[in-house]
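Since the structure comes first, as structure tokens, the remarks are kept for the end.
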Amino acid sequence: ADCGSARGLEVTRIVEGGDVVEGLGERVLGRVTATDVPKPGSDEVLVEAEKHDSALTVYGLAAIIHPGNANVLMAMGTLFEIGNQTDSAIVYFRKAANLGEAGRSPALARQRLAIIFAQSGEVDSAAVYYRQVISEAQASGDTDLSIRATKSLASVFYNAGRYREAIPLLRASIASGPADGSTRQLLAASYREVGQVDSADMVLREGGAAGGGA
């Protein structure tokens, strides 16, 4: 129905040798449904014809049939985010994040929530998910992700004028591994904002000494 024709195109997933080469959601991404899609088990119209991306329809149906599938929920959230429907994206990312699983999709959902809330200035909500990301990264030994998330949360606090909350995070980031100059600069700036000029100078001197030693 994308081309203006009243006729639709039937699309199925591609399976070769028993393996799914390309899923249905991937194949219909960017297309729209040719006819109304009813909610399973009823006459209620779930998706009106030519109104929604077919991939969203596919995953929407999957989310109804398998409400606890983190991969499906993550896919729904991602499609809504791509379509700039942030509120709907948050709903599905939260569902995936709150499943209590340790898999890739719940972890990615928590990362997306942290970033979305940070970008919208919802500091406390961003902090909740960044702390979850940090905790999971530390538990799994992913030092790089832990440092990145810690610095990101510190930046969120700094930009919100919550310097005293940014300081311990930045110190932890520096202590966890080699710190780039921007981390030390942000820590020094945070110290200055709370009137600890000597601490700010010390942080920069330590950075200079570390650089010189290299």
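Identifiers for the structure tokens are assigned positionally: chains receive A, B, ... in sequence, residues are indexed from 1 per chain, and ligands are indexed from 1 in the order shown.
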Close residues, Tyr158 (chain A) itself excluded, 12 Å, only C-alpha atoms, min 2 positions apart in chain, as a VMD selection string
chain A and resid 118 121 123 151 to 156 160 to 170 183 185 to 194
Output file for the residues above (N, CA and C atoms, as an mmCIF file, in the first residue's frame):
data_model
loop_
_atom_site.group_PDB
_atom_site.id
_atom_site.type_symbol
_atom_site.label_atom_id
_atom_site.label_comp_id
_atom_site.auth_asym_id
_atom_site.auth_seq_id
_atom_site.Cartn_x
_atom_site.Cartn_y
_atom_site.Cartn_z
ATOM 1 N N ALA A 118 18.027 12.076 30.526
ATOM 2 C CA ALA A 118 19.090 13.086 30.630
ATOM 3 C C ALA A 118 18.871 14.186 29.607
ATOM 4 N N GLY A 121 16.167 16.584 30.563
ATOM 5 C CA GLY A 121 16.369 17.333 31.797
ATOM 6 C C GLY A 121 15.721 16.727 33.027
ATOM 7 N N VAL A 123 16.478 14.878 35.654
ATOM 8 C CA VAL A 123 17.724 14.449 36.283
ATOM 9 C C VAL A 123 17.544 13.235 37.190
ATOM 10 N N LYS A 151 30.626 8.857 34.215
ATOM 11 C CA LYS A 151 30.919 10.206 33.749
ATOM 12 C C LYS A 151 29.662 10.873 33.178
ATOM 13 N N SER A 152 28.836 10.095 32.468
ATOM 14 C CA SER A 152 27.602 10.657 31.910
ATOM 15 C C SER A 152 26.679 11.150 33.013
ATOM 16 N N LEU A 153 26.554 10.358 34.082
ATOM 17 C CA LEU A 153 25.700 10.770 35.192
ATOM 18 C C LEU A 153 26.276 12.011 35.873
ATOM 19 N N ALA A 154 27.594 12.051 36.007
ATOM 20 C CA ALA A 154 28.238 13.226 36.601
ATOM 21 C C ALA A 154 27.951 14.472 35.763
ATOM 22 N N SER A 155 27.990 14.325 34.451
ATOM 23 C CA SER A 155 27.716 15.455 33.559
ATOM 24 C C SER A 155 26.273 15.924 33.707
ATOM 25 N N VAL A 156 25.362 14.969 33.881
ATOM 26 C CA VAL A 156 23.948 15.317 34.083
ATOM 27 C C VAL A 156 23.799 16.155 35.355
ATOM 28 N N ALA A 160 22.940 20.272 35.749
ATOM 29 C CA ALA A 160 21.772 20.650 36.547
ATOM 30 C C ALA A 160 22.170 21.506 37.752
ATOM 31 N N GLY A 161 23.464 21.819 37.860
ATOM 32 C CA GLY A 161 23.933 22.627 38.981
ATOM 33 C C GLY A 161 24.058 21.849 40.274
ATOM 34 N N ARG A 162 24.056 20.526 40.175
ATOM 35 C CA ARG A 162 24.177 19.671 41.367
ATOM 36 C C ARG A 162 25.616 19.181 41.473
ATOM 37 N N TYR A 163 26.500 20.142 41.733
ATOM 38 C CA TYR A 163 27.941 19.901 41.682
ATOM 39 C C TYR A 163 28.422 18.926 42.747
ATOM 40 N N ARG A 164 27.850 18.998 43.926
ATOM 41 C CA ARG A 164 28.288 18.116 45.012
ATOM 42 C C ARG A 164 27.972 16.652 44.713
ATOM 43 N N GLU A 165 26.966 16.412 43.886
ATOM 44 C CA GLU A 165 26.665 15.039 43.483
ATOM 45 C C GLU A 165 27.554 14.608 42.323
ATOM 46 N N ALA A 166 28.012 15.565 41.546
ATOM 47 C CA ALA A 166 28.885 15.238 40.421
ATOM 48 C C ALA A 166 30.291 14.879 40.892
ATOM 49 N N ILE A 167 30.764 15.530 41.933
ATOM 50 C CA ILE A 167 32.155 15.367 42.382
ATOM 51 C C ILE A 167 32.529 13.922 42.706
ATOM 52 N N PRO A 168 31.796 13.205 43.571
ATOM 53 C CA PRO A 168 32.212 11.827 43.870
ATOM 54 C C PRO A 168 32.160 10.907 42.654
ATOM 55 N N LEU A 169 31.249 11.164 41.742
ATOM 56 C CA LEU A 169 31.172 10.351 40.533
ATOM 57 C C LEU A 169 32.384 10.567 39.644
ATOM 58 N N LEU A 170 32.784 11.817 39.509
ATOM 59 C CA LEU A 170 33.959 12.120 38.687
ATOM 60 C C LEU A 170 35.230 11.568 39.319
ATOM 61 N N THR A 183 37.518 14.846 31.852
ATOM 62 C CA THR A 183 36.990 14.399 33.148
ATOM 63 C C THR A 183 37.600 15.220 34.272
ATOM 64 N N GLN A 185 38.913 18.193 33.962
ATOM 65 C CA GLN A 185 38.440 19.568 33.820
ATOM 66 C C GLN A 185 37.052 19.730 34.446
ATOM 67 N N LEU A 186 36.205 18.744 34.230
ATOM 68 C CA LEU A 186 34.848 18.801 34.786
ATOM 69 C C LEU A 186 34.889 18.701 36.312
ATOM 70 N N LEU A 187 35.774 17.850 36.816
ATOM 71 C CA LEU A 187 35.912 17.723 38.270
ATOM 72 C C LEU A 187 36.435 19.025 38.868
ATOM 73 N N ALA A 188 37.442 19.611 38.231
ATOM 74 C CA ALA A 188 37.992 20.877 38.716
ATOM 75 C C ALA A 188 36.930 21.970 38.697
ATOM 76 N N ALA A 189 36.132 22.006 37.626
ATOM 77 C CA ALA A 189 35.073 23.005 37.524
ATOM 78 C C ALA A 189 34.030 22.806 38.621
ATOM 79 N N SER A 190 33.728 21.554 38.923
ATOM 80 C CA SER A 190 32.764 21.251 39.981
ATOM 81 C C SER A 190 33.286 21.738 41.336
ATOM 82 N N TYR A 191 34.561 21.485 41.587
ATOM 83 C CA TYR A 191 35.161 21.951 42.846
ATOM 84 C C TYR A 191 35.080 23.479 42.946
ATOM 85 N N ARG A 192 35.358 24.141 41.841
ATOM 86 C CA ARG A 192 35.315 25.608 41.863
ATOM 87 C C ARG A 192 33.893 26.113 42.144
ATOM 88 N N GLU A 193 32.915 25.429 41.587
ATOM 89 C CA GLU A 193 31.533 25.852 41.781
ATOM 90 C C GLU A 193 31.105 25.765 43.243
ATOM 91 N N VAL A 194 31.721 24.867 43.996
ATOM 92 C CA VAL A 194 31.357 24.745 45.419
ATOM 93 C C VAL A 194 32.386 25.448 46.316
#
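Counting only C-alpha atoms and comparing A:Gly141, A:Gly177, A:Gly83, A:Gly77, the residue that lies closest to Leu113 (chain A) is A:Gly77.
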Can you tell me which residues surround Ser146 (chain A) at a distance of at most 9 Å, considering only C-alpha atoms, apart from same-chain residues fewer than 3 positions away, and format the answer as number ranges by chain?
A: 133-138, 141-143, 149-151, 173, 176
How many Å lie between CA of Ala200 (chain A) and CA of Tyr129 (chain A), rounded to one decimal?
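That distance, rounded to one decimal, is 28.7 Å.
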Coordinates-based distance that separates CA of Asn84 (chain A) from CA of Val72 (chain A) (Å, one decimal)
18.5 Å
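Nearest to Ser88 (chain A) of all the residues A:Phe157, A:Arg110, A:Ile116, A:Arg104 is A:Ile116, counting only C-alpha atoms.
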Between A:Asp144, A:Gln119, A:Thr86, A:Gly195, which one has atoms that come closest to Asn159 (chain A), using only C-alpha atoms?
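The shortest atom-to-atom distance to Asn159 (chain A) comes from A:Gln119.
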